[in-house]
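Novice: File follows, my_file27.txt with compact mmCIF, C-alpha atoms and all ligand atoms:
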# COMPACT_ATOMS: atom_id res chain seq x y z
CA MET A 1 -8.98 -19.05 -21.80
CA LYS A 2 -10.78 -22.12 -20.46
CA THR A 3 -10.27 -25.53 -22.04
CA ALA A 4 -13.11 -27.99 -22.51
CA LEU A 5 -12.98 -31.66 -23.45
CA ILE A 6 -16.13 -33.22 -24.92
CA THR A 7 -16.77 -36.93 -25.45
CA GLY A 8 -19.45 -37.41 -28.11
CA ILE A 9 -18.41 -34.15 -29.83
CA SER A 10 -19.57 -35.55 -33.20
CA GLY A 11 -23.14 -36.01 -31.93
CA GLN A 12 -26.10 -33.63 -31.98
CA ASP A 13 -25.39 -32.06 -28.57
CA GLY A 14 -21.59 -32.20 -28.93
CA SER A 15 -21.77 -30.05 -32.05
CA TYR A 16 -24.07 -27.39 -30.52
CA LEU A 17 -22.11 -27.39 -27.25
CA SER A 18 -18.88 -26.83 -29.21
CA GLU A 19 -20.44 -23.85 -30.98
CA LEU A 20 -21.55 -22.39 -27.66
CA LEU A 21 -18.17 -22.88 -25.95
CA LEU A 22 -16.25 -21.46 -28.94
CA SER A 23 -18.50 -18.38 -28.87
CA LYS A 24 -17.50 -17.95 -25.22
CA GLY A 25 -13.77 -18.11 -26.04
CA TYR A 26 -13.07 -21.69 -24.91
CA GLU A 27 -10.42 -23.91 -26.46
CA VAL A 28 -12.47 -26.97 -27.41
CA HIS A 29 -11.20 -30.54 -27.72
CA GLY A 30 -13.30 -33.56 -28.53
CA ILE A 31 -13.02 -37.31 -28.72
CA VAL A 32 -14.16 -39.06 -31.91
CA ARG A 33 -14.34 -42.70 -32.94
CA ARG A 34 -13.02 -43.97 -36.24
CA HIS A 35 -15.81 -44.46 -38.82
CA SER A 36 -15.46 -46.65 -41.90
CA VAL A 37 -17.21 -43.90 -43.89
CA ALA A 38 -14.74 -41.08 -43.25
CA GLU A 39 -17.27 -38.45 -44.37
CA SER A 40 -19.54 -39.41 -41.42
CA GLN A 41 -16.77 -38.88 -38.91
CA ALA A 42 -17.22 -35.20 -38.33
CA SER A 43 -20.16 -34.17 -40.52
CA ARG A 44 -21.74 -32.14 -37.69
CA ILE A 45 -18.52 -30.40 -36.59
CA GLU A 46 -16.45 -29.90 -39.73
CA HIS A 47 -17.37 -26.18 -39.74
CA LEU A 48 -15.97 -25.70 -36.23
CA ASP A 49 -12.51 -24.77 -34.99
CA VAL A 50 -12.18 -27.67 -32.56
CA THR A 51 -9.36 -30.17 -32.03
CA THR A 52 -10.40 -33.81 -32.31
CA HIS A 53 -8.62 -36.85 -30.89
CA TYR A 54 -9.33 -40.51 -31.58
CA GLY A 55 -10.63 -42.41 -28.58
CA ASP A 56 -13.39 -44.72 -27.44
CA LEU A 57 -15.16 -44.88 -24.10
CA LEU A 58 -14.61 -48.64 -24.14
CA ASP A 59 -10.85 -48.10 -24.32
CA PRO A 60 -10.16 -46.22 -21.06
CA GLY A 61 -6.44 -45.88 -21.88
CA SER A 62 -7.30 -43.93 -25.05
CA ILE A 63 -9.43 -41.45 -23.09
CA GLU A 64 -6.84 -41.18 -20.33
CA ARG A 65 -4.11 -40.22 -22.81
CA VAL A 66 -6.28 -37.46 -24.30
CA PHE A 67 -7.41 -36.24 -20.88
CA CYS A 68 -3.80 -35.98 -19.61
CA ASP A 69 -2.74 -34.24 -22.81
CA VAL A 70 -5.56 -31.68 -22.78
CA MET A 71 -5.88 -31.21 -18.97
CA PRO A 72 -9.34 -29.63 -19.37
CA ASP A 73 -11.06 -27.23 -16.98
CA GLU A 74 -14.46 -28.64 -17.99
CA PHE A 75 -15.11 -32.23 -19.10
CA TYR A 76 -18.47 -32.95 -20.76
CA ASN A 77 -19.33 -36.65 -21.11
CA LEU A 78 -21.89 -36.70 -23.92
CA ALA A 79 -20.78 -39.94 -25.57
CA ALA A 80 -23.29 -42.77 -25.34
CA MET A 81 -25.16 -45.46 -27.19
CA SER A 82 -28.06 -43.01 -27.23
CA HIS A 83 -30.87 -44.94 -28.97
CA VAL A 84 -33.29 -46.48 -26.46
CA ARG A 85 -34.81 -49.06 -28.89
CA VAL A 86 -31.35 -50.21 -30.00
CA SER A 87 -30.25 -50.61 -26.37
CA PHE A 88 -32.55 -53.67 -26.16
CA ASP A 89 -30.55 -55.22 -29.04
CA VAL A 90 -27.08 -54.40 -27.65
CA PRO A 91 -27.63 -54.34 -23.87
CA GLU A 92 -24.11 -55.29 -22.79
CA PHE A 93 -22.48 -52.73 -25.09
CA THR A 94 -24.94 -50.16 -23.73
CA MET A 95 -24.19 -51.02 -20.10
CA LYS A 96 -20.44 -50.71 -20.70
CA THR A 97 -20.56 -47.50 -22.76
CA ASN A 98 -23.27 -45.62 -20.86
CA GLY A 99 -22.57 -47.00 -17.39
CA LEU A 100 -19.22 -48.55 -16.58
CA ALA A 101 -17.19 -46.17 -18.78
CA VAL A 102 -18.32 -43.26 -16.60
CA PHE A 103 -16.60 -44.90 -13.65
CA HIS A 104 -13.29 -44.77 -15.59
CA LEU A 105 -13.83 -41.10 -16.46
CA LEU A 106 -14.50 -40.16 -12.83
CA GLU A 107 -11.44 -42.09 -11.65
CA MET A 108 -9.39 -40.19 -14.24
CA VAL A 109 -10.63 -36.84 -12.98
CA ARG A 110 -10.06 -37.86 -9.38
CA ASN A 111 -6.52 -39.14 -10.04
CA TYR A 112 -5.17 -36.56 -12.50
CA ARG A 113 -7.13 -33.31 -12.23
CA PRO A 114 -9.58 -33.21 -9.31
CA LEU A 115 -10.41 -29.55 -9.93
CA CYS A 116 -11.73 -30.32 -13.43
CA LYS A 117 -15.52 -29.94 -13.53
CA PHE A 118 -17.36 -33.01 -14.83
CA TYR A 119 -20.72 -33.00 -16.64
CA GLN A 120 -22.65 -36.25 -17.13
CA ALA A 121 -25.34 -36.49 -19.82
CA SER A 122 -28.04 -38.08 -17.69
CA SER A 123 -31.50 -38.68 -19.07
CA SER A 124 -35.20 -38.54 -18.28
CA GLU A 125 -35.24 -42.17 -19.44
CA MET A 126 -33.92 -42.96 -15.93
CA PHE A 127 -37.38 -42.21 -14.48
CA GLY A 128 -39.09 -44.96 -16.44
CA ASN A 129 -42.82 -44.91 -15.72
CA SER A 130 -42.40 -43.20 -12.37
CA ILE A 131 -44.22 -39.86 -12.16
CA ASP A 132 -45.23 -37.55 -9.31
CA VAL A 133 -48.94 -37.17 -8.48
CA ASP A 134 -49.03 -33.75 -10.16
CA GLY A 135 -47.99 -35.39 -13.46
CA TYR A 136 -44.37 -34.15 -13.57
CA GLN A 137 -40.94 -35.71 -13.13
CA ARG A 138 -38.39 -33.73 -11.11
CA GLU A 139 -35.06 -34.29 -9.33
CA SER A 140 -36.80 -35.99 -6.37
CA THR A 141 -38.98 -38.35 -8.45
CA PRO A 142 -38.03 -42.03 -7.87
CA MET A 143 -36.15 -43.58 -10.79
CA HIS A 144 -37.30 -46.96 -12.16
CA PRO A 145 -35.88 -47.24 -15.70
CA VAL A 146 -37.55 -49.50 -18.28
CA SER A 147 -34.73 -50.00 -20.81
CA PRO A 148 -31.07 -51.10 -20.82
CA TYR A 149 -30.33 -47.50 -21.86
CA GLY A 150 -32.10 -46.05 -18.82
CA ILE A 151 -30.58 -48.62 -16.45
CA ALA A 152 -27.06 -47.84 -17.67
CA LYS A 153 -27.68 -44.08 -17.43
CA LEU A 154 -28.93 -44.53 -13.86
CA HIS A 155 -25.72 -46.42 -13.02
CA ALA A 156 -23.67 -43.48 -14.30
CA TYR A 157 -25.92 -40.95 -12.54
CA ASN A 158 -25.33 -42.68 -9.20
CA LEU A 159 -21.57 -42.88 -9.81
CA VAL A 160 -21.49 -39.11 -10.39
CA ARG A 161 -23.37 -38.46 -7.15
CA HIS A 162 -21.06 -40.85 -5.30
CA TYR A 163 -17.84 -39.23 -6.59
CA ARG A 164 -19.23 -35.80 -5.72
CA LYS A 165 -19.97 -36.82 -2.14
CA ALA A 166 -17.09 -39.21 -1.46
CA TYR A 167 -14.25 -37.26 -3.10
CA GLY A 168 -15.59 -33.72 -3.33
CA LEU A 169 -15.41 -33.60 -7.14
CA PHE A 170 -17.40 -30.96 -9.01
CA ALA A 171 -19.43 -33.66 -10.76
CA ALA A 172 -22.90 -32.79 -12.05
CA ASN A 173 -25.81 -34.58 -13.71
CA GLY A 174 -27.96 -32.83 -16.29
CA ILE A 175 -31.18 -34.86 -16.35
CA LEU A 176 -32.19 -33.83 -19.83
CA PHE A 177 -35.58 -34.59 -21.36
CA ASN A 178 -35.82 -35.25 -25.11
CA HIS A 179 -34.24 -32.54 -27.22
CA GLU A 180 -34.18 -32.35 -30.96
CA SER A 181 -32.90 -30.20 -33.84
CA PRO A 182 -32.06 -30.43 -37.54
CA ARG A 183 -28.92 -32.29 -36.39
CA ARG A 184 -30.90 -35.06 -34.64
CA GLY A 185 -30.17 -38.59 -35.87
CA SER A 186 -32.85 -39.57 -38.39
CA ASN A 187 -33.87 -42.74 -36.51
CA PHE A 188 -35.24 -40.76 -33.55
CA VAL A 189 -38.95 -40.23 -33.83
CA THR A 190 -39.13 -36.43 -34.40
CA GLN A 191 -36.57 -36.44 -37.18
CA LYS A 192 -38.00 -39.64 -38.70
CA ILE A 193 -41.52 -38.17 -38.85
CA ILE A 194 -40.39 -34.82 -40.20
CA LYS A 195 -37.98 -36.20 -42.79
CA THR A 196 -40.48 -38.79 -44.07
CA ALA A 197 -43.39 -36.32 -44.18
CA VAL A 198 -41.29 -33.94 -46.32
CA GLN A 199 -40.30 -36.88 -48.55
CA ILE A 200 -43.98 -37.86 -48.95
CA LYS A 201 -44.86 -34.25 -49.78
CA HIS A 202 -42.31 -34.29 -52.60
CA GLY A 203 -43.25 -37.76 -53.89
CA LEU A 204 -40.08 -39.38 -52.52
CA ALA A 205 -41.85 -41.73 -50.07
CA ASP A 206 -45.32 -43.31 -49.79
CA GLU A 207 -45.81 -43.95 -46.09
CA LEU A 208 -44.45 -43.37 -42.60
CA VAL A 209 -44.05 -46.57 -40.58
CA LEU A 210 -43.95 -46.12 -36.79
CA GLY A 211 -44.20 -48.12 -33.57
CA ASN A 212 -46.14 -46.90 -30.52
CA ILE A 213 -47.65 -43.50 -31.33
CA ASP A 214 -49.47 -43.10 -27.99
CA SER A 215 -46.38 -42.44 -25.87
CA GLN A 216 -45.82 -38.81 -24.87
CA ARG A 217 -42.60 -36.83 -24.74
CA ASP A 218 -41.44 -33.44 -23.45
CA TRP A 219 -39.46 -32.12 -26.44
CA GLY A 220 -37.08 -29.16 -26.34
CA HIS A 221 -34.36 -27.83 -28.67
CA SER A 222 -30.77 -29.07 -28.35
CA LYS A 223 -29.42 -25.49 -28.63
CA ASP A 224 -31.34 -24.50 -25.50
CA TYR A 225 -30.26 -27.64 -23.66
CA VAL A 226 -26.51 -27.21 -24.27
CA ARG A 227 -26.83 -23.74 -22.67
CA ALA A 228 -28.13 -25.56 -19.59
CA MET A 229 -25.13 -27.94 -19.63
CA HIS A 230 -22.74 -24.98 -19.57
CA ALA A 231 -24.75 -23.23 -16.84
CA ILE A 232 -24.69 -26.42 -14.73
CA LEU A 233 -20.88 -26.58 -14.84
CA ASN A 234 -20.53 -22.85 -14.21
CA HIS A 235 -22.77 -22.69 -11.18
CA ASN A 236 -20.94 -22.27 -7.87
CA LYS A 237 -22.03 -25.69 -6.58
CA SER A 238 -22.33 -29.02 -8.37
CA GLY A 239 -25.66 -30.80 -8.37
CA ASP A 240 -28.31 -32.60 -10.39
CA PHE A 241 -30.70 -30.62 -12.60
CA VAL A 242 -33.78 -31.52 -14.62
CA VAL A 243 -33.81 -29.72 -17.98
CA ALA A 244 -37.21 -29.82 -19.69
CA THR A 245 -39.94 -27.63 -21.19
CA GLY A 246 -42.78 -28.87 -18.94
CA ARG A 247 -44.99 -29.47 -22.00
CA THR A 248 -45.77 -32.89 -23.40
CA GLN A 249 -47.24 -34.20 -26.66
CA SER A 250 -47.91 -37.64 -28.04
CA ILE A 251 -46.20 -39.02 -31.13
CA ARG A 252 -49.71 -39.08 -32.67
CA ASP A 253 -50.03 -35.30 -32.01
CA LEU A 254 -46.61 -34.69 -33.54
CA CYS A 255 -47.67 -36.55 -36.72
CA SER A 256 -50.82 -34.40 -37.01
CA ILE A 257 -48.84 -31.19 -36.51
CA VAL A 258 -46.13 -32.06 -39.04
CA PHE A 259 -48.46 -33.41 -41.75
CA GLY A 260 -50.87 -30.51 -41.11
CA TYR A 261 -48.01 -28.04 -41.58
CA LEU A 262 -47.38 -29.64 -44.99
CA ASN A 263 -51.13 -29.59 -45.85
CA MET A 264 -51.50 -33.36 -45.63
CA ASP A 265 -53.59 -35.70 -43.47
CA ALA A 266 -51.39 -37.91 -41.26
CA SER A 267 -54.00 -40.68 -41.04
CA GLU A 268 -53.58 -41.37 -44.79
CA TYR A 269 -49.86 -42.08 -44.48
CA VAL A 270 -48.99 -43.31 -40.97
CA LYS A 271 -48.70 -47.11 -40.74
CA HIS A 272 -47.75 -49.38 -37.83
CA ASP A 273 -44.99 -51.99 -37.63
CA PRO A 274 -44.32 -53.77 -34.31
CA LYS A 275 -40.61 -53.86 -35.13
CA TYR A 276 -40.47 -50.22 -33.99
CA THR A 277 -42.06 -50.96 -30.60
CA ARG A 278 -40.02 -51.70 -27.48
CA PRO A 279 -40.16 -54.71 -25.11
CA GLU A 280 -40.98 -52.21 -22.36
CA GLU A 281 -42.18 -48.66 -23.09
CA LEU A 282 -41.86 -45.39 -21.19
CA ASP A 283 -45.36 -43.94 -21.58
CA ILE A 284 -45.07 -40.30 -20.59
CA LEU A 285 -42.37 -37.74 -19.88
CA ARG A 286 -43.09 -34.27 -18.56
CA GLY A 287 -40.31 -32.46 -16.68
CA ASP A 288 -40.41 -29.84 -13.98
CA ALA A 289 -37.28 -27.70 -14.50
CA SER A 290 -38.05 -25.29 -11.63
CA LYS A 291 -34.67 -25.94 -10.00
CA ALA A 292 -32.79 -25.04 -13.22
CA HIS A 293 -34.96 -21.93 -13.66
CA LYS A 294 -34.39 -20.72 -10.11
CA THR A 295 -30.79 -21.81 -9.50
CA LEU A 296 -29.24 -21.35 -12.94
CA GLY A 297 -31.58 -18.78 -14.46
CA TRP A 298 -31.96 -21.18 -17.40
CA GLU A 299 -35.00 -20.77 -19.67
CA PRO A 300 -35.66 -22.37 -23.07
CA GLU A 301 -35.80 -19.90 -25.97
CA TYR A 302 -37.33 -22.12 -28.67
CA SER A 303 -41.02 -22.98 -28.64
CA PHE A 304 -42.03 -26.47 -29.76
CA LEU A 305 -43.51 -25.11 -33.01
CA GLU A 306 -40.41 -23.03 -33.77
CA MET A 307 -38.33 -26.19 -33.42
CA VAL A 308 -40.64 -28.21 -35.70
CA ASP A 309 -40.61 -25.34 -38.23
CA GLU A 310 -36.79 -25.26 -38.24
CA MET A 311 -36.59 -29.03 -38.72
CA ILE A 312 -39.15 -29.05 -41.56
CA LYS A 313 -37.31 -26.19 -43.33
CA HIS A 314 -34.04 -28.09 -42.92
CA TRP A 315 -35.47 -31.11 -44.77
CA GLU A 316 -37.24 -28.99 -47.40
CA LYS A 317 -33.86 -27.40 -48.23
CA LYS A 318 -31.89 -30.63 -48.06
CA LEU A 319 -34.28 -32.64 -50.25
CA LYS A 320 -34.42 -29.93 -52.87
P1 LIG A 401 -25.91 -38.63 -30.37
O1 LIG A 401 -26.19 -37.63 -31.44
O2 LIG A 401 -26.28 -40.06 -30.59
O3 LIG A 401 -24.33 -38.57 -30.06
C1 LIG A 401 -23.71 -39.54 -29.29
C2 LIG A 401 -22.22 -39.36 -29.41
O4 LIG A 401 -21.56 -40.38 -28.62
C3 LIG A 401 -21.68 -39.52 -30.84
O5 LIG A 401 -20.69 -38.55 -31.04
C4 LIG A 401 -21.08 -40.92 -30.81
O6 LIG A 401 -20.04 -41.09 -31.73
C5 LIG A 401 -20.52 -40.95 -29.40
N1 LIG A 401 -20.22 -42.29 -28.93
C6 LIG A 401 -21.06 -43.36 -28.84
N2 LIG A 401 -20.42 -44.42 -28.34
C7 LIG A 401 -19.15 -44.03 -28.09
C8 LIG A 401 -18.00 -44.67 -27.57
N3 LIG A 401 -18.04 -45.95 -27.19
N4 LIG A 401 -16.85 -43.97 -27.45
C9 LIG A 401 -16.80 -42.68 -27.84
N5 LIG A 401 -17.86 -42.01 -28.35
C10 LIG A 401 -19.01 -42.69 -28.47
O7 LIG A 401 -26.58 -38.19 -28.99
P2 LIG A 401 -27.06 -36.73 -28.50
O8 LIG A 401 -28.49 -36.58 -28.83
O9 LIG A 401 -26.08 -35.72 -28.94
O10 LIG A 401 -26.99 -36.93 -26.93
C11 LIG A 401 -25.82 -36.58 -26.19
C12 LIG A 401 -25.84 -37.30 -24.85
O11 LIG A 401 -26.99 -36.89 -24.11
C13 LIG A 401 -25.91 -38.82 -24.92
O12 LIG A 401 -25.16 -39.32 -23.84
C14 LIG A 401 -27.38 -39.12 -24.72
O13 LIG A 401 -27.54 -40.42 -24.20
C15 LIG A 401 -27.75 -38.04 -23.75
N6 LIG A 401 -29.14 -37.60 -23.78
C16 LIG A 401 -29.70 -37.22 -24.95
C17 LIG A 401 -30.99 -36.76 -24.96
C18 LIG A 401 -31.65 -36.30 -26.25
O14 LIG A 401 -32.89 -36.19 -26.25
N7 LIG A 401 -30.89 -35.99 -27.28
C19 LIG A 401 -31.73 -36.66 -23.76
C20 LIG A 401 -31.10 -37.04 -22.58
C21 LIG A 401 -29.79 -37.50 -22.59
P3 LIG A 401 -20.32 -41.68 -33.21
O15 LIG A 401 -20.67 -40.49 -34.04
O16 LIG A 401 -19.02 -42.30 -33.54
O17 LIG A 401 -21.44 -42.68 -33.09
O1 LIG A 402 -38.64 -42.24 -29.21
C1 LIG A 402 -41.86 -43.81 -30.03
C2 LIG A 402 -40.95 -44.57 -29.09
O2 LIG A 402 -36.38 -42.81 -30.07
C3 LIG A 402 -39.66 -41.43 -28.68
C4 LIG A 402 -33.05 -40.32 -26.72
O3 LIG A 402 -32.47 -39.09 -27.06
O4 LIG A 402 -34.77 -39.26 -25.42
C5 LIG A 402 -34.53 -40.12 -26.51
O5 LIG A 402 -35.13 -41.39 -26.28
C6 LIG A 402 -40.95 -42.21 -28.60
C7 LIG A 402 -40.87 -43.57 -27.94
O6 LIG A 402 -36.67 -41.11 -28.19
C8 LIG A 402 -41.05 -44.86 -33.40
O7 LIG A 402 -41.51 -45.83 -28.74
C9 LIG A 402 -42.84 -44.67 -32.17
O8 LIG A 402 -41.97 -43.75 -27.09
O9 LIG A 402 -37.31 -40.48 -30.47
P1 LIG A 402 -37.20 -41.66 -29.59
P2 LIG A 402 -36.62 -41.74 -26.72
O10 LIG A 402 -36.73 -43.20 -26.74
O11 LIG A 402 -37.60 -41.00 -25.88
C10 LIG A 402 -34.25 -39.72 -24.15
C11 LIG A 402 -34.57 -38.68 -23.11
C12 LIG A 402 -32.81 -40.08 -24.25
O12 LIG A 402 -32.06 -39.91 -23.29
C13 LIG A 402 -32.39 -40.85 -25.45
O13 LIG A 402 -30.97 -40.75 -25.64
O14 LIG A 402 -41.39 -42.46 -29.94
N1 LIG A 402 -41.78 -44.26 -31.43
N2 LIG A 402 -42.41 -45.05 -33.39
C14 LIG A 402 -40.66 -44.37 -32.15
N3 LIG A 402 -39.37 -44.08 -31.87
C15 LIG A 402 -38.45 -44.28 -32.84
N4 LIG A 402 -37.14 -43.96 -32.59
N5 LIG A 402 -38.78 -44.77 -34.08
C16 LIG A 402 -40.09 -45.09 -34.40
O15 LIG A 402 -40.35 -45.53 -35.52
Starting from the file, give its structure as structure tokens.
Specialist:
Amino acid sequence: MKTALITGISGQDGSYLSELLLSKGYEVHGIVRRHSVAESQASRIEHLDVTTHYGDLLDPGSIERVFCDVMPDEFYNLAAMSHVRVSFDVPEFTMKTNGLAVFHLLEMVRNYRPLCKFYQASSSEMFGNSIDVDGYQRESTPMHPVSPYGIAKLHAYNLVRHYRKAYGLFAANGILFNHESPRRGSNFVTQKIIKTAVQIKHGLADELVLGNIDSQRDWGHSKDYVRAMHAILNHNKSGDFVVATGRTQSIRDLCSIVFGYLNMDASEYVKHDPKYTRPEELDILRGDASKAHKTLGWEPEYSFLEMVDEMIKHWEKKLK
């Protein structure tokens, strides 16, 4: 039986990854932070047979104790301050959590268990507004991030590549494009639009207030993307992989689709507030996952509309 340790196990991806690893017979351990509302602590994972340990990426000793106790075969670093807009408000916290902390994790692997495979949750946000002439971002596309979040993730990405080359660690970067699900935090744009549209439909809200609706994103489903994380760590060679659908839509398009699904007209309800815009915006993301297709045999199973349908049904049920 393999043992996996997951930081960020209480998050969207941590919960789906735990389900996947348990279904494959892994013993799964995860690191959680203490929440003042105890019910929030493990709301996404309370149905799962996983072992949780208190720790915080900003307290390297806490992670080291858990790591040495668990001695995992696979170590997935999913913990992060994951909200791009908020990273402009708490840039130093973001740099420490998403960047510097990864250095401590890699040192831990190198010092205590160099054969442990390490997965880093890297992000398409690292590309910033850099895009190849054919309109896609891929592993070779230059990275020029436009947010504290993206800058910190790029720091971690480079650390992973360095530890792989310098010390021969099996350290891999999944460069994941946006991925969503019913478990997505409700302040990310897909979940915010879907939740509010369902509330409007049922008379529980009057309007949907958004920032920049002209940016475009390549949205996949978290369940598909955690399969890619596992495939990346179980390939015979460590590397860096773009994980994306290759299709892109604007936030404006998403509003039309969601409101249309609920037989409403988005233009009647969508309002603008600059407080939801960012000091610097990433305009378009569209990933070329050819390397993951060819090398890992990874393919997404959910279509965009199937994902939207699942998320709308989730909120219909919840709000009832
Ligand atoms: P998420 O739902 O926000 O989960 C983030 C997790 O990190 C939560 O469990 C959170 O714990 C934990 N965490 C935050 N700061 C921590 C700290 N200092 N110490 C320990 N744990 C900490 O994010 P997600 O969507 O699952 O994303 C997983 C990872 O993939 C993140 O690293 C994210 O940046 C990256 N990523 C996500 C996407 C995407 O579209 N979802 C795309 C590319 C990359 P609490 O519950 O206590 O806050
Ligand atoms: O924004 C625009 C916003 O916050 C998407 C994270 O998982 O994916 C995610 O980052 C777009 C942006 O995701 C609102 O300006 C308009 O252009 O859902 P989001 P994100 O910033 O792309 C990457 C790959 C990650 O790695 C991150 O961890 O939507 N937008 N109005 C809005 N966004 C939000 N959140 N709220 C609005 O009201």
Novice: Pick the closest to Ala4 (chain A) from A:His230, A:His83, A:His47, A:Lys271: which is it, counting only C-alpha atoms?
Specialist: A:His230
Novice: So that I can check the surroundings of Val84 (chain A), please list as number ranges by chain every protein, DNA and RNA residue that reaches within 10 Å of it, counting all atoms listed in the file and ignoring chain neighbours fewer than 4 positions away.
Specialist: A: 88-89, 94, 125, 146-150, 188, 278, 281
Novice: May I ask you to write as a list in words all residues lying at most 6 Å from ligand LIG 401 (chain A), with only C-alpha atoms and all ligand atoms counted?
Specialist: Thr7, Gly8, Ile9, Ser10, Gly11, Gln12, Asp13, Gly14, Val32, Arg33, Asp56, Leu57, Leu58, Leu78, Ala79, Ala80, Met81, Ser82, Thr97, Ala121, Ser122, Ser123, Leu176, Phe177, Asn178 and His179 of chain A
Novice: Might you pull out every residue within 7 Å of His314 (chain A), with only C-alpha atoms counted and same-chain residues fewer than 4 positions away left off, and present them as a list of chain:residue names?
Specialist: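 Once the adjacent positions are removed, what remains is A:Pro182, A:Glu310, A:Lys318.
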Novice: For a quick check of understanding, using only C-alpha atoms and all ligand atoms, which of A:His29, A:His293, A:Lys192, A:His221 has the smallest distance to ligand LIG 402 (chain A)?
Specialist: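 Using only C-alpha atoms and all ligand atoms, the shortest distance to ligand LIG 402 (chain A) belongs to A:Lys192.
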Novice: Quick one: residues within 12 Å of Val189 (chain A), all atoms listed in the file counted, chain neighbours fewer than 4 positions away excluded, as a PyMOL selection string?
Specialist: chain A and resi 83-85+178-181+184-185+193-197+208-213+215-217+219+250-252+254-255+276-277
Novice: Can you list, as a ChimeraX atom specification, every protein, DNA or RNA residue that comes within 12 Å of Met264 (chain A) when you count only C-alpha atoms, leaving out same-chain residues fewer than 2 positions away?
Specialist: /A:197-198,200-202,255-262,266-270
Novice: Pick out the closest residue to ligand LIG 402 (chain A) from this set: A:Lys153, A:Lys294, A:Arg247, A:His162. Count all atoms listed in the file.
Specialist: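 Between A:Lys153, A:Lys294, A:Arg247, A:His162, the residue approaching ligand LIG 402 (chain A) most closely is A:Lys153.
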Novice: Pick out the closest residue to ligand LIG 402 (chain A) from this set: A:Arg34, A:His155, A:Lys275, A:Arg44. Count only C-alpha atoms and all ligand atoms.
Specialist: A:Lys275
Novice: Pick the closest to Asp273 (chain A) from A:Ser124, A:Tyr163, A:Gly61, A:Glu207: which is it, counting all atoms listed in the file?
Specialist: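 The closest residue to Asp273 (chain A) is A:Glu207.
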Novice: For a test of reading the model, state the distance in Å between CA of Phe170 (chain A) and CA of Ser238 (chain A), rounded to one decimal.
Specialist: 5.3 Å
Novice: Taking all atoms listed in the file into account, which of A:Lys291, A:Arg164, A:His35, A:His144 comes nearest Val109 (chain A)?
Specialist: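 Going through A:Lys291, A:Arg164, A:His35, A:His144 one by one, the smallest distance to Val109 (chain A) is for A:Arg164.
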Novice: With a distance cut-off of 12 Å and only C-alpha atoms, select the neighbouring residues of Val160 (chain A), excluding the residue or stretch itself and same-chain residues fewer than 5 positions from it, and output the selection as an MDAnalysis selection string.
Specialist: chainID A and resid 77 99:107 109:110 117:122 153:155 165:174 238:240
Novice: How many Å separate atom C5 of ligand LIG 402 (chain A) from CA of Glu301 (chain A)?
Specialist: 20.3 Å
Novice: May I ask for the distance between CA of Gln191 (chain A) and CA of Leu21 (chain A), given in Å to one decimal place?
Specialist: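 Interatomic distance, CA of Gln191 (chain A) to CA of Leu21 (chain A): 25.5 Å.
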Novice: Centre and edge lengths, as AutoDock Vina command-line options, for the axis-aligned box enclosing every listed atom of region 144-153 of chain A with 4 Å of padding on each of the six sides, in Å to one decimal?
Specialist:
--center_x -32.3 --center_y -47.6 --center_z -17.0 --size_x 18.5 --size_y 15.0 --size_z 17.7
